[in-house]
Each structure stands twice: as structure tokens, then as C-alpha cells.
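S.K.: Sharing entry_14.pdb here; it has PDB, C-alpha atoms.
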ATOM      1  CA  MET H   1      22.311  50.476  -9.602
ATOM      2  CA  GLN H   2      19.691  48.775 -11.658
ATOM      3  CA  GLY H   3      17.109  46.542  -9.984
ATOM      4  CA  LEU H   4      16.796  42.917 -10.951
ATOM      5  CA  SER H   5      13.769  42.012 -13.004
ATOM      6  CA  ILE H   6      12.098  38.781 -12.045
ATOM      7  CA  ASN H   7       9.776  37.153 -14.516
ATOM      8  CA  GLN H   8       6.391  37.159 -12.821
ATOM      9  CA  SER H   9       4.805  34.674 -15.221
ATOM     10  CA  LYS H  10       2.690  32.027 -13.612
ATOM     11  CA  THR H  11       4.497  28.763 -13.070
ATOM     12  CA  ARG H  12       2.323  25.758 -13.696
ATOM     13  CA  PHE H  13       2.574  22.930 -11.209
ATOM     14  CA  ILE H  14       1.029  19.558 -11.863
ATOM     15  CA  GLN H  15      -0.271  17.754  -8.829
ATOM     16  CA  TYR H  16       0.465  14.042  -8.831
ATOM     17  CA  THR H  17      -2.370  11.625  -8.275
ATOM     18  CA  ARG H  18      -2.376   7.897  -7.526
ATOM     19  CA  SER H  19      -3.175   7.115 -11.150
ATOM     20  CA  MET H  20      -0.042   8.862 -12.403
ATOM     21  CA  GLN H  21       3.184   6.919 -12.669
ATOM     22  CA  ARG H  22       5.912   8.120 -10.362
ATOM     23  CA  GLY H  23       9.485   8.270 -11.535
ATOM     24  CA  ARG H  24      10.725   6.969 -14.821
ATOM     25  CA  LYS H  25       9.568   3.819 -16.557
ATOM     26  CA  ALA H  26      11.438   0.642 -15.725
ATOM     27  CA  LEU H  27      13.845  -0.584 -18.379
ATOM     28  CA  LYS H  28      13.112  -4.203 -17.604
ATOM     29  CA  GLU H  29      10.347  -6.110 -15.889
ATOM     30  CA  ALA H  30      10.522  -6.608 -12.128
ATOM     31  CA  PRO H  31      11.645 -10.064 -10.962
ATOM     32  CA  LEU H  32       9.026 -12.547  -9.717
ATOM     33  CA  PHE H  33       9.975 -12.021  -6.077
ATOM     34  CA  GLY H  34       9.601  -8.248  -6.449
ATOM     35  CA  LYS H  35       6.184  -8.586  -8.050
ATOM     36  CA  ARG H  36       5.019 -10.902  -5.281
ATOM     37  CA  LEU H  37       6.453  -8.667  -2.543
ATOM     38  CA  SER H  38       4.687  -5.645  -4.032
ATOM     39  CA  TYR H  39       1.425  -7.601  -4.437
ATOM     40  CA  PHE H  40       1.330  -8.879  -0.851
ATOM     41  CA  ARG H  41       2.373  -5.466   0.499
ATOM     42  CA  SER H  42      -0.509  -3.834  -1.389
ATOM     43  CA  GLN H  43      -2.954  -6.516  -0.239
ATOM     44  CA  LYS H  44      -1.925  -5.853   3.341
ATOM     45  CA  GLY H  45      -2.501  -2.122   2.762
ATOM     46  CA  LEU H  46       1.077  -1.134   3.594
ATOM     47  CA  THR H  47       3.287   1.499   2.023
ATOM     48  CA  GLN H  48       6.917   0.732   1.258
ATOM     49  CA  GLN H  49       7.861   2.838   4.293
ATOM     50  CA  GLU H  50       5.536   0.919   6.620
ATOM     51  CA  LEU H  51       6.881  -2.438   5.411
ATOM     52  CA  ALA H  52      10.445  -1.153   5.737
ATOM     53  CA  GLU H  53       9.813  -0.225   9.363
ATOM     54  CA  ALA H  54       8.223  -3.616  10.066
ATOM     55  CA  VAL H  55      11.237  -5.530   8.707
ATOM     56  CA  GLU H  56      13.793  -2.989   9.981
ATOM     57  CA  VAL H  57      15.275  -1.944   6.625
ATOM     58  CA  SER H  58      15.173   1.268   4.591
ATOM     59  CA  ARG H  59      12.347   2.196   2.216
ATOM     60  CA  ASP H  60      14.926   2.325  -0.584
ATOM     61  CA  LEU H  61      15.793  -1.326   0.065
ATOM     62  CA  ILE H  62      12.112  -2.306  -0.199
ATOM     63  CA  GLY H  63      11.981  -0.476  -3.546
ATOM     64  CA  HIS H  64      15.138  -2.308  -4.632
ATOM     65  CA  TYR H  65      13.622  -5.691  -3.726
ATOM     66  CA  GLU H  66      10.368  -4.833  -5.542
ATOM     67  CA  ARG H  67      12.018  -3.602  -8.747
ATOM     68  CA  ARG H  68      15.450  -5.157  -9.207
ATOM     69  CA  CYS H  69      16.567  -7.778  -6.694
ATOM     70  CA  GLU H  70      16.385 -11.339  -7.984
ATOM     71  CA  ASN H  71      17.829 -13.120  -4.939
ATOM     72  CA  PRO H  72      16.912 -11.555  -1.591
ATOM     73  CA  SER H  73      18.486 -12.820   1.612
ATOM     74  CA  LEU H  74      16.746 -15.563   3.573
ATOM     75  CA  GLU H  75      16.563 -13.264   6.583
ATOM     76  CA  PHE H  76      14.708 -10.623   4.554
ATOM     77  CA  ILE H  77      12.302 -13.228   3.141
ATOM     78  CA  ARG H  78      11.561 -14.498   6.659
ATOM     79  CA  LYS H  79      10.933 -11.013   8.082
ATOM     80  CA  ALA H  80       8.879  -9.848   5.089
ATOM     81  CA  ALA H  81       6.713 -12.982   5.118
ATOM     82  CA  GLU H  82       6.053 -12.498   8.826
ATOM     83  CA  ALA H  83       5.183  -8.811   8.373
ATOM     84  CA  LEU H  84       2.866  -9.597   5.445
ATOM     85  CA  ASP H  85       1.158 -12.575   7.158
ATOM     86  CA  VAL H  86       2.085 -15.003   4.372
ATOM     87  CA  THR H  87       4.405 -17.985   4.260
ATOM     88  CA  ALA H  88       7.897 -17.660   2.825
ATOM     89  CA  ASP H  89       6.820 -20.194   0.162
ATOM     90  CA  GLU H  90       3.953 -17.940  -0.904
ATOM     91  CA  LEU H  91       6.217 -14.908  -0.969
ATOM     92  CA  ILE H  92       8.803 -16.517  -3.245
ATOM     93  CA  GLY H  93       6.179 -18.281  -5.371
ATOM     94  CA  ILE H  94       6.763 -21.931  -4.501
ATOM     95  CA  ARG H  95       3.153 -22.606  -3.605
ATOM     96  CA  ALA H  96       0.029 -21.078  -4.983
ATOM     97  CA  GLN H  97      -1.506 -18.327  -2.937
ATOM     98  CA  SER H  98      -3.646 -19.678  -0.124
ATOM     99  CA  PRO H  99      -7.388 -19.271  -0.448
ATOM    100  CA  LYS H 100      -8.707 -15.853   0.429
ATOM    101  CA  LYS H 101      -9.230 -15.435   4.135
ATOM    102  CA  SER H 102     -12.731 -14.567   5.196
ATOM    103  CA  GLY H 103     -13.330 -11.394   7.118
ATOM    104  CA  PRO H 104     -12.641  -7.757   6.426
ATOM    105  CA  SER H 105      -9.954  -6.620   4.035
ATOM    106  CA  PRO H 106      -6.753  -5.164   5.476
ATOM    107  CA  ARG H 107      -7.891  -1.713   4.315
ATOM    108  CA  ALA H 108     -11.194  -2.092   6.197
ATOM    109  CA  VAL H 109      -9.293  -3.071   9.346
ATOM    110  CA  GLN H 110      -7.058   0.012   8.981
ATOM    111  CA  LEU H 111     -10.106   2.265   8.655
ATOM    112  CA  VAL H 112     -11.797   0.710  11.684
ATOM    113  CA  ASN H 113      -8.604   1.229  13.700
ATOM    114  CA  LYS H 114      -8.512   4.901  12.646
ATOM    115  CA  MET H 115     -12.184   5.243  13.526
ATOM    116  CA  ALA H 116     -11.485   3.824  17.010
ATOM    117  CA  GLU H 117      -9.275   6.855  17.663
ATOM    118  CA  LEU H 118     -12.238   9.214  17.166
ATOM    119  CA  SER H 119     -14.668  10.330  19.846
ATOM    120  CA  LYS H 120     -17.773   8.186  20.455
ATOM    121  CA  PRO H 121     -20.160  10.721  18.824
ATOM    122  CA  LYS H 122     -18.010  10.872  15.669
ATOM    123  CA  GLN H 123     -17.820   7.070  15.576
ATOM    124  CA  GLN H 124     -21.627   6.926  15.809
ATOM    125  CA  VAL H 125     -22.003   9.306  12.837
ATOM    126  CA  ILE H 126     -19.724   7.095  10.726
ATOM    127  CA  LEU H 127     -21.529   3.914  11.805
ATOM    128  CA  ASP H 128     -24.929   5.452  10.986
ATOM    129  CA  MET H 129     -23.746   6.485   7.513
ATOM    130  CA  LEU H 130     -22.216   3.060   6.866
ATOM    131  CA  GLU H 131     -25.311   1.231   8.058
ATOM    132  CA  SER H 132     -27.538   3.419   5.872
ATOM    133  CA  TYR H 133     -25.346   2.823   2.835
ATOM    134  CA  LEU H 134     -25.241  -0.935   3.392
ATOM    135  CA  THR H 135     -29.023  -1.087   3.785
ATOM    136  CA  THR H 136     -29.505   0.826   0.535
ATOM    137  CA  ALA H 137     -26.867  -1.219  -1.306
ATOM    138  CA  SER H 138     -28.297  -4.562  -0.212
ATOM    139  CA  ALA H 139     -31.834  -3.470  -1.158
ATOM    140  CA  GLY H 140     -30.659  -2.594  -4.683
ATOM    141  CA  LYS H 141     -28.852  -5.931  -4.958
ATOM    142  CA  LYS H 142     -32.061  -8.001  -4.818
TER     143      LYS H 142
END
Let me see the file written as C-alpha cells.

M.R.:
Amino acid sequence: MQGLSINQSKTRFIQYTRSMQRGRKALKEAPLFGKRLSYFRSQKGLTQQELAEAVEVSRDLIGHYERRCENPSLEFIRKAAEALDVTADELIGIRAQSPKKSGPSPRAVQLVNKMAELSKPKQQVILDMLESYLTTASAGKK
């Protein structure tokens, strides 16, 4: 019996990064509701999966609403608006976006929450680095 010969050539894998587009290009532009849903989700710092869990639907359905759905159900609009901390009017584009809220960005809040899970010494290291950076950045700003 002859042995099987397997080609041992190196296979090249390309690692995806955030800047690379995933999937194929859309054939048509996303509807206004989908653009607004995606925008507010990103502003809140949520993934499609996290939003899906918050509104109790599948991640695929969130993707469908963001890319193709032109008339979502009222129940979905209500739940999504609540999860994203915006009004239903803002989400569907009836009113202009409310003025920016003061305070930390949603991403900063997420990072602080993750930091709270660390031990006190590790938290202190992070706070010292942040304080040092902010002092240096504000000195260069003047």
C-alpha cells in the first residue's frame, strides 16, 4: 500500500482586525432606522450580541434590523430605545439627537467597571498611570 502524500506547504492565514470589513459588501445602503440603531449601539459601547441579550432577541435579528429592516416592530423599538438610553423618537429619527450628556463616555464607564473587578493594588497601579498621563497631557495643552 502506498502512503498518502500531504502537501506540507505553509498555509497563510490573515488575521482580521477592526479596520477590516467583515463579510461581503452591502448591495444597498442600510435604512435610516438601521443606521441609527447601529450608531446608538456603538455610542453605548455595545456589541450586537450584547444588545440582542438586552432586548431578548437573537444577534442575527439585530444585524437584520441594522442592515435591511425598514419597518421594525413597535415592541422592538421600545425595547431597543430603553436598552440604548434614548427615546424611541431619537431612535427612529423623528427628533434631533439630544445634546451630548456630560460625564464619562459609555466606554469609560465600561473600563471603570472592569477595573472595579481587579484587586485594590492593581486598581491603584492603573489609577497612578492614568493620573500621571492626565497630568502630562494637561500640561502640554497649555

S.K.: If I take atom CA of H:Gly93 and atom CA of H:Phe76, how far is one from the other in Å, to one decimal?

M.R.: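 Value for the atom CA of H:Gly93-atom CA of H:Phe76 distance: 15.2 Å.
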
S.K.: Quote the spacing between atom CA of H:Pro106 and atom CA of H:Asp85 in Å to one decimal place.

M.R.: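 These atoms are spaced 11.0 Å apart.
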
S.K.: Interatomic distance between atom CA of H:Arg67 and atom CA of H:Ala30?

M.R.: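 Computed distance, atom CA of H:Arg67 to atom CA of H:Ala30, equals 4.8 Å.
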
S.K.: Step by step, work through what the PyMOL selection byres ((chain H and resi 65) around 10) selects in the shown file, and finish by giving those residues as a count of residues only.

M.R.: 21

S.K.: Could you tell me which of H:Lys44, H:Ala83, H:Val57, H:Ser132 comes closest to H:Val109 if we count all atoms listed in the file?

M.R.: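 Checking each candidate against H:Val109, we get H:Lys44 as the closest.
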
S.K.: Starting from the point (-19.9, 8.7, 12.2), work out which residues of protein, DNA or RNA have an atom no more than 9 Å away when counting all atoms listed in the file; state them as a count of residues only.

M.R.: 12

S.K.: Quick check on the file I pasted: which residues fall under the PyMOL selection byres ((chain H and resi 81) around 12)? Write them as a VMD selection string.

M.R.: chain H and resid 33 36 to 38 40 to 41 44 51 54 to 55 74 to 80 82 to 93

S.K.: Stretch 88-132 of chain H from the block above, N, CA and C atoms, as a PDB file, in the first residue's frame, please?

M.R.:
ATOM      1  N   ALA H  88     -37.590  56.656  21.860  1.00  0.00           N
ATOM      2  CA  ALA H  88     -37.996  55.998  20.619  1.00  0.00           C
ATOM      3  C   ALA H  88     -37.948  57.001  19.463  1.00  0.00           C
ATOM      4  N   ASP H  89     -38.315  58.259  19.732  1.00  0.00           N
ATOM      5  CA  ASP H  89     -38.259  59.299  18.694  1.00  0.00           C
ATOM      6  C   ASP H  89     -36.836  59.481  18.176  1.00  0.00           C
ATOM      7  N   GLU H  90     -35.871  59.504  19.080  1.00  0.00           N
ATOM      8  CA  GLU H  90     -34.475  59.640  18.652  1.00  0.00           C
ATOM      9  C   GLU H  90     -34.049  58.441  17.826  1.00  0.00           C
ATOM     10  N   LEU H  91     -34.458  57.261  18.263  1.00  0.00           N
ATOM     11  CA  LEU H  91     -34.052  56.035  17.581  1.00  0.00           C
ATOM     12  C   LEU H  91     -34.590  55.971  16.159  1.00  0.00           C
ATOM     13  N   ILE H  92     -35.831  56.403  15.954  1.00  0.00           N
ATOM     14  CA  ILE H  92     -36.388  56.336  14.596  1.00  0.00           C
ATOM     15  C   ILE H  92     -36.166  57.618  13.803  1.00  0.00           C
ATOM     16  N   GLY H  93     -35.570  58.637  14.440  1.00  0.00           N
ATOM     17  CA  GLY H  93     -35.178  59.837  13.703  1.00  0.00           C
ATOM     18  C   GLY H  93     -36.229  60.919  13.619  1.00  0.00           C
ATOM     19  N   ILE H  94     -37.201  60.912  14.522  1.00  0.00           N
ATOM     20  CA  ILE H  94     -38.223  61.964  14.491  1.00  0.00           C
ATOM     21  C   ILE H  94     -37.674  63.268  15.032  1.00  0.00           C
ATOM     22  N   ARG H  95     -36.937  63.191  16.109  1.00  0.00           N
ATOM     23  CA  ARG H  95     -36.335  64.379  16.705  1.00  0.00           C
ATOM     24  C   ARG H  95     -34.833  64.296  16.568  1.00  0.00           C
ATOM     25  N   ALA H  96     -34.236  65.472  16.558  1.00  0.00           N
ATOM     26  CA  ALA H  96     -32.774  65.506  16.510  1.00  0.00           C
ATOM     27  C   ALA H  96     -32.221  64.891  17.780  1.00  0.00           C
ATOM     28  N   GLN H  97     -31.016  64.403  17.678  1.00  0.00           N
ATOM     29  CA  GLN H  97     -30.369  63.787  18.827  1.00  0.00           C
ATOM     30  C   GLN H  97     -30.255  64.813  19.945  1.00  0.00           C
ATOM     31  N   SER H  98     -30.527  64.379  21.158  1.00  0.00           N
ATOM     32  CA  SER H  98     -30.441  65.276  22.305  1.00  0.00           C
ATOM     33  C   SER H  98     -28.995  65.720  22.489  1.00  0.00           C
ATOM     34  N   PRO H  99     -28.822  66.850  23.152  1.00  0.00           N
ATOM     35  CA  PRO H  99     -27.444  67.310  23.378  1.00  0.00           C
ATOM     36  C   PRO H  99     -26.641  66.251  24.111  1.00  0.00           C
ATOM     37  N   LYS H 100     -25.349  66.272  23.861  1.00  0.00           N
ATOM     38  CA  LYS H 100     -24.462  65.298  24.495  1.00  0.00           C
ATOM     39  C   LYS H 100     -24.569  65.408  26.009  1.00  0.00           C
ATOM     40  N   LYS H 101     -24.674  64.274  26.645  1.00  0.00           N
ATOM     41  CA  LYS H 101     -24.725  64.240  28.100  1.00  0.00           C
ATOM     42  C   LYS H 101     -23.322  64.472  28.629  1.00  0.00           C
ATOM     43  N   SER H 102     -23.246  65.199  29.738  1.00  0.00           N
ATOM     44  CA  SER H 102     -21.934  65.389  30.341  1.00  0.00           C
ATOM     45  C   SER H 102     -21.575  64.131  31.117  1.00  0.00           C
ATOM     46  N   GLY H 103     -20.321  64.011  31.439  1.00  0.00           N
ATOM     47  CA  GLY H 103     -19.881  62.830  32.171  1.00  0.00           C
ATOM     48  C   GLY H 103     -19.056  61.926  31.280  1.00  0.00           C
ATOM     49  N   PRO H 104     -18.657  60.798  31.831  1.00  0.00           N
ATOM     50  CA  PRO H 104     -17.788  59.897  31.074  1.00  0.00           C
ATOM     51  C   PRO H 104     -18.531  59.210  29.929  1.00  0.00           C
ATOM     52  N   SER H 105     -17.777  58.834  28.932  1.00  0.00           N
ATOM     53  CA  SER H 105     -18.348  58.118  27.794  1.00  0.00           C
ATOM     54  C   SER H 105     -18.741  56.711  28.240  1.00  0.00           C
ATOM     55  N   PRO H 106     -19.632  56.070  27.499  1.00  0.00           N
ATOM     56  CA  PRO H 106     -20.003  54.697  27.855  1.00  0.00           C
ATOM     57  C   PRO H 106     -18.792  53.763  27.907  1.00  0.00           C
ATOM     58  N   ARG H 107     -17.835  53.970  27.024  1.00  0.00           N
ATOM     59  CA  ARG H 107     -16.626  53.134  27.015  1.00  0.00           C
ATOM     60  C   ARG H 107     -15.833  53.327  28.303  1.00  0.00           C
ATOM     61  N   ALA H 108     -15.726  54.588  28.772  1.00  0.00           N
ATOM     62  CA  ALA H 108     -15.002  54.862  30.011  1.00  0.00           C
ATOM     63  C   ALA H 108     -15.698  54.179  31.189  1.00  0.00           C
ATOM     64  N   VAL H 109     -17.012  54.213  31.197  1.00  0.00           N
ATOM     65  CA  VAL H 109     -17.770  53.552  32.272  1.00  0.00           C
ATOM     66  C   VAL H 109     -17.518  52.047  32.249  1.00  0.00           C
ATOM     67  N   GLN H 110     -17.494  51.444  31.042  1.00  0.00           N
ATOM     68  CA  GLN H 110     -17.220  50.011  30.932  1.00  0.00           C
ATOM     69  C   GLN H 110     -15.841  49.677  31.496  1.00  0.00           C
ATOM     70  N   LEU H 111     -14.850  50.507  31.167  1.00  0.00           N
ATOM     71  CA  LEU H 111     -13.491  50.251  31.643  1.00  0.00           C
ATOM     72  C   LEU H 111     -13.397  50.395  33.160  1.00  0.00           C
ATOM     73  N   VAL H 112     -14.074  51.386  33.711  1.00  0.00           N
ATOM     74  CA  VAL H 112     -14.069  51.561  35.165  1.00  0.00           C
ATOM     75  C   VAL H 112     -14.730  50.356  35.834  1.00  0.00           C
ATOM     76  N   ASN H 113     -15.816  49.856  35.247  1.00  0.00           N
ATOM     77  CA  ASN H 113     -16.479  48.681  35.813  1.00  0.00           C
ATOM     78  C   ASN H 113     -15.564  47.454  35.774  1.00  0.00           C
ATOM     79  N   LYS H 114     -14.801  47.296  34.683  1.00  0.00           N
ATOM     80  CA  LYS H 114     -13.853  46.184  34.600  1.00  0.00           C
ATOM     81  C   LYS H 114     -12.744  46.357  35.633  1.00  0.00           C
ATOM     82  N   MET H 115     -12.299  47.612  35.810  1.00  0.00           N
ATOM     83  CA  MET H 115     -11.244  47.880  36.767  1.00  0.00           C
ATOM     84  C   MET H 115     -11.715  47.561  38.188  1.00  0.00           C
ATOM     85  N   ALA H 116     -12.987  47.784  38.476  1.00  0.00           N
ATOM     86  CA  ALA H 116     -13.536  47.525  39.810  1.00  0.00           C
ATOM     87  C   ALA H 116     -13.454  46.043  40.178  1.00  0.00           C
ATOM     88  N   GLU H 117     -13.352  45.187  39.174  1.00  0.00           N
ATOM     89  CA  GLU H 117     -13.252  43.748  39.424  1.00  0.00           C
ATOM     90  C   GLU H 117     -11.830  43.318  39.811  1.00  0.00           C
ATOM     91  N   LEU H 118     -10.868  44.217  39.621  1.00  0.00           N
ATOM     92  CA  LEU H 118      -9.470  43.906  39.941  1.00  0.00           C
ATOM     93  C   LEU H 118      -9.198  44.099  41.429  1.00  0.00           C
ATOM     94  N   SER H 119      -8.070  43.571  41.868  1.00  0.00           N
ATOM     95  CA  SER H 119      -7.670  43.764  43.268  1.00  0.00           C
ATOM     96  C   SER H 119      -7.309  45.234  43.497  1.00  0.00           C
ATOM     97  N   LYS H 120      -7.346  45.654  44.759  1.00  0.00           N
ATOM     98  CA  LYS H 120      -7.044  47.055  45.108  1.00  0.00           C
ATOM     99  C   LYS H 120      -5.645  47.474  44.652  1.00  0.00           C
ATOM    100  N   PRO H 121      -4.609  46.646  44.822  1.00  0.00           N
ATOM    101  CA  PRO H 121      -3.274  47.061  44.349  1.00  0.00           C
ATOM    102  C   PRO H 121      -3.225  47.272  42.824  1.00  0.00           C
ATOM    103  N   LYS H 122      -3.898  46.396  42.070  1.00  0.00           N
ATOM    104  CA  LYS H 122      -3.919  46.559  40.617  1.00  0.00           C
ATOM    105  C   LYS H 122      -4.704  47.810  40.222  1.00  0.00           C
ATOM    106  N   GLN H 123      -5.787  48.092  40.930  1.00  0.00           N
ATOM    107  CA  GLN H 123      -6.550  49.312  40.668  1.00  0.00           C
ATOM    108  C   GLN H 123      -5.665  50.539  40.904  1.00  0.00           C
ATOM    109  N   GLN H 124      -4.866  50.499  41.980  1.00  0.00           N
ATOM    110  CA  GLN H 124      -4.009  51.638  42.312  1.00  0.00           C
ATOM    111  C   GLN H 124      -2.972  51.877  41.218  1.00  0.00           C
ATOM    112  N   VAL H 125      -2.409  50.801  40.656  1.00  0.00           N
ATOM    113  CA  VAL H 125      -1.436  50.935  39.568  1.00  0.00           C
ATOM    114  C   VAL H 125      -2.084  51.641  38.376  1.00  0.00           C
ATOM    115  N   ILE H 126      -3.286  51.219  38.021  1.00  0.00           N
ATOM    116  CA  ILE H 126      -3.994  51.822  36.885  1.00  0.00           C
ATOM    117  C   ILE H 126      -4.297  53.290  37.168  1.00  0.00           C
ATOM    118  N   LEU H 127      -4.769  53.587  38.374  1.00  0.00           N
ATOM    119  CA  LEU H 127      -5.089  54.974  38.732  1.00  0.00           C
ATOM    120  C   LEU H 127      -3.845  55.859  38.705  1.00  0.00           C
ATOM    121  N   ASP H 128      -2.714  55.333  39.185  1.00  0.00           N
ATOM    122  CA  ASP H 128      -1.464  56.100  39.157  1.00  0.00           C
ATOM    123  C   ASP H 128      -1.037  56.402  37.724  1.00  0.00           C
ATOM    124  N   MET H 129      -1.138  55.393  36.853  1.00  0.00           N
ATOM    125  CA  MET H 129      -0.762  55.611  35.442  1.00  0.00           C
ATOM    126  C   MET H 129      -1.693  56.637  34.798  1.00  0.00           C
ATOM    127  N   LEU H 130      -2.980  56.520  35.045  1.00  0.00           N
ATOM    128  CA  LEU H 130      -3.955  57.436  34.460  1.00  0.00           C
ATOM    129  C   LEU H 130      -3.721  58.852  34.955  1.00  0.00           C
ATOM    130  N   GLU H 131      -3.509  58.997  36.248  1.00  0.00           N
ATOM    131  CA  GLU H 131      -3.270  60.319  36.819  1.00  0.00           C
ATOM    132  C   GLU H 131      -2.009  60.950  36.231  1.00  0.00           C
ATOM    133  N   SER H 132      -0.955  60.154  36.083  1.00  0.00           N
ATOM    134  CA  SER H 132       0.293  60.646  35.505  1.00  0.00           C
ATOM    135  C   SER H 132       0.082  61.097  34.060  1.00  0.00           C
TER     136      SER H 132
END
